[in-house]
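J.: Would you mind keeping the following structure in view while I ask a few things?
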Amino acid sequence: MRNRVLKLSLLLAVMVALTTNTDAQQKKPVRAKSKRATTTKTTNRSKNGGNTTALTAPAKDTVPVVPVSMDITIDPPKRSLRNDNAIERNLVKERTPLAYEHIREDDATYMQRVWREIDVKEKMNLPFVYKVDGDYGNQRFIMILLNALKNDSLVAFDATVDDRFTTPITFSKISEQLIGKPKVEQIPDWTKDPDGSKGIQKDTVITEIFNPDQIERYWIKEDVVFDKESSRMYTRILGIAPLKTVLNPDGSFRAVTPIFWVYYPDLRPMLAKYEVYNGKNYGARMSWEELFESRMFASRVIKSTINNPNDLLISLYVKDPILALLEGENIKDKIFNYEQDLWSY
């Protein structure tokens, strides 16, 4: 009898222990779920409007996106789908410049280097700012240069280093000189603050638009050589540089600075395909290459190698602008008189 009671007691104890263990295993997942739910709610509460600010993601409008470089936008030329002339004009597309006559070094008995400045506001230089679009793009001279640089058909050289074509410059750097670097400024965020009472602002990138009318002058670097074999005085252009006008804060004129140099012999084949505006006869137009070779432009001498051992611009040692202009005319006369004095009449 005692053995049966003991066996029943042990059996009941084992069953109670198993039941307790089963309840404990069933309650553990419930506790874990409640903790996870509590944590999720706390995190959501902190993201939505709690005191925790480290978990709040910044709005997209407040993150400034500053581009590395901002190139000048040049629209591709739109070619005419029909013949836009009363006659067929195919010679312009096939035009090539004539090769220069070779000059031996021993025959160059006289040579001077001259720098000239072309002002597009002068009446003779108005073709430089001819505002019209053609099959080859905009007809302004500066747009012809920039279009060639944009298409990598021409190499530009840094004008801040020297004028000897030693350091090539990229189109992005040229764009920065013309329109400046993009600026990041704060403006009111009307989306999040419609009435402006909260003072919420966002960052925005502001860039300037290139205005071709800012290019009002060009520099030309050339050599004047007398060839004793042909008894002629030759003028060979070496480089062309557009100048940017620098203004004072009040809008008055301050100075001009060259942007880049291009090597003129590399530029000649392209200029032969662009025609120059002729207000008197639209059908009898010359090419840009013919304009430079025929000297059909007005300019003034700003520097030369004549009596200039310090290699300075005329404006640096002649302060008066009228006297500086007369000094440039004096340099022209000295070169002209050298050729004339070789002959006897």
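If you're wondering about the labels, chains in the structure tokens are A, B, ... by order shown, residues count from 1 in each chain, ligands from 1 in order shown.
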So that each row is one residue of region 142-208 of chain A with an atom at most 12 Å from region 218-230 of chain A, can you give its shortest atom pair and the distance in Å to one decimal, using only C-alpha atoms, rows by chain and rising number, as a tab-separated table?
T.:
residue	atom	partner	partner_atom	distance
A:Ile142	CA	A:Tyr218	CA	9.4
A:Leu145	CA	A:Tyr218	CA	11.9
A:Ala159	CA	A:Trp219	CA	11.1
A:Asp163	CA	A:Lys221	CA	8.5
A:Arg164	CA	A:Lys221	CA	9.8
A:Phe165	CA	A:Lys221	CA	11.4
J.: Output N, CA and C atoms of each residue in that selection to a file, as a PDB file, in the first residue's frame.
T.:
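And here's again.pdb as it stands now:
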ATOM      1  N   ILE A 142      33.247  85.074 -80.828  1.00  0.00           N
ATOM      2  CA  ILE A 142      33.521  84.365 -79.587  1.00  0.00           C
ATOM      3  C   ILE A 142      32.782  83.031 -79.552  1.00  0.00           C
ATOM      4  N   LEU A 145      34.699  80.444 -81.540  1.00  0.00           N
ATOM      5  CA  LEU A 145      35.824  79.889 -80.783  1.00  0.00           C
ATOM      6  C   LEU A 145      35.338  78.894 -79.726  1.00  0.00           C
ATOM      7  N   ALA A 159      45.953  81.739 -70.526  1.00  0.00           N
ATOM      8  CA  ALA A 159      46.492  83.092 -70.695  1.00  0.00           C
ATOM      9  C   ALA A 159      47.101  83.633 -69.421  1.00  0.00           C
ATOM     10  N   ASP A 163      51.821  83.775 -72.998  1.00  0.00           N
ATOM     11  CA  ASP A 163      51.190  83.811 -74.323  1.00  0.00           C
ATOM     12  C   ASP A 163      52.011  83.041 -75.347  1.00  0.00           C
ATOM     13  N   ARG A 164      52.760  82.060 -74.895  1.00  0.00           N
ATOM     14  CA  ARG A 164      53.611  81.261 -75.780  1.00  0.00           C
ATOM     15  C   ARG A 164      53.033  79.873 -76.025  1.00  0.00           C
ATOM     16  N   PHE A 165      51.771  79.657 -75.688  1.00  0.00           N
ATOM     17  CA  PHE A 165      51.067  78.404 -75.958  1.00  0.00           C
ATOM     18  C   PHE A 165      51.776  77.223 -75.286  1.00  0.00           C
TER      19      PHE A 165
END
J.: If you run DSSP over the backbone, which residues in region 68-259 of chain A end up strand (DSSP E or B)? Put them as a PyMOL selection string.
T.: chain A and resi 108-119+133-134+137-138+156-158+168-169+183-188+201-206+217-227+232-247+253-258
J.: Nearest to Ala255 (chain A): which of A:Thr167, A:Ser231, A:Ser315, A:Gln186 is it, counting only C-alpha atoms?
T.: A:Ser315
J.: Set the distance at 12 Å and use only C-alpha atoms: which residues neighbour region 311-313 of chain A once local chain neighbours fewer than 3 positions away are removed? I'd like the list as a PyMOL selection string.
T.: chain A and resi 113-117+301-308+316-319+324-325+327-328
J.: Show which residues sit within 7 Å of Asp119 (chain A), as an MDAnalysis selection string. Count only C-alpha atoms, and ignore same-chain residues fewer than 3 positions away.
T.: chainID A and resid 122 125 216:218 299
J.: Please measure the separation of CA of Leu154 (chain A) and CA of Tyr263 (chain A), giving the value in Å to one decimal.
T.: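 So the two atoms, CA of Leu154 (chain A) and CA of Tyr263 (chain A), lie 8.7 Å apart.
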J.: Return the single residue from A:Lys273, A:Lys334, A:Arg140, A:Lys150 that is closest to Ile215 (chain A), with distances computed using only C-alpha atoms.
T.: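 Ranked by minimum distance to Ile215 (chain A), first place goes to A:Arg140.
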J.: How many Å separate CA of Thr96 (chain A) from CA of Glu290 (chain A)?
T.: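 It comes out at 10.8 Å.
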J.: Ranking A:Gln201, A:Gly283, A:Asn310, A:Ala108 by minimum distance to Arg89 (chain A) and counting only C-alpha atoms, which one comes first?
T.: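 Smallest separation from Arg89 (chain A) among the options: A:Gly283.
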J.: When you draw a straight line from CA of Tyr234 (chain A) to CA of Val276 (chain A), how long is it in Å?
T.: 23.3 Å
J.: Check the smallest atom-to-atom distance from each of A:Leu98, A:Phe171, A:Lys202, A:Val256 to Val184 (chain A) using only C-alpha atoms, then report the winner.
T.: A:Lys202
J.: Check the DSSP output for the backbone and give back, as a PyMOL selection string, the residues of region 100-264 of chain A in helix (DSSP H, G or I).
T.: chain A and resi 105-107+123-129+141-150+171-179+212-214+264
J.: Excluding Ser153 (chain A) and residues on its chain fewer than 2 positions from it, collect all residues at most 12 Å away from it, counting only C-alpha atoms, and give them as an mmCIF file with C-alpha atoms, in the first residue's frame.
T.:
data_model
loop_
_atom_site.group_PDB
_atom_site.id
_atom_site.type_symbol
_atom_site.label_atom_id
_atom_site.label_comp_id
_atom_site.auth_asym_id
_atom_site.auth_seq_id
_atom_site.Cartn_x
_atom_site.Cartn_y
_atom_site.Cartn_z
ATOM 1 C CA ILE A 144 32.806 80.326 -83.085
ATOM 2 C CA LEU A 145 35.824 79.889 -80.783
ATOM 3 C CA LEU A 146 33.819 78.407 -77.901
ATOM 4 C CA ASN A 147 31.974 76.015 -80.206
ATOM 5 C CA ALA A 148 35.295 74.721 -81.562
ATOM 6 C CA LEU A 149 36.666 74.312 -78.024
ATOM 7 C CA LYS A 150 33.489 72.549 -76.904
ATOM 8 C CA ASN A 151 33.789 70.035 -79.749
ATOM 9 C CA VAL A 155 43.119 73.576 -78.241
ATOM 10 C CA ALA A 156 43.094 76.589 -75.924
ATOM 11 C CA PHE A 171 36.783 74.023 -71.347
ATOM 12 C CA VAL A 262 44.369 79.949 -79.437
ATOM 13 C CA ASP A 266 45.398 75.727 -86.051
ATOM 14 C CA LEU A 267 42.379 78.023 -86.293
ATOM 15 C CA ARG A 268 42.716 78.903 -89.991
ATOM 16 C CA PRO A 269 41.022 75.784 -91.494
ATOM 17 C CA MET A 270 37.941 76.330 -89.357
#
J.: Counting only C-alpha atoms, which residue out of A:Ile118, A:Leu243, A:Leu11, A:Ala99 sits closest to Arg300 (chain A)?
T.: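 Of the candidates, the smallest distance to Arg300 (chain A) is held by A:Ile118.
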J.: Name the closest residue to Leu342 (chain A) among the candidates A:Thr109, A:Asn278, A:Thr73, A:Gln177; distances are taken between atoms, counting only C-alpha atoms.
T.: A:Thr109
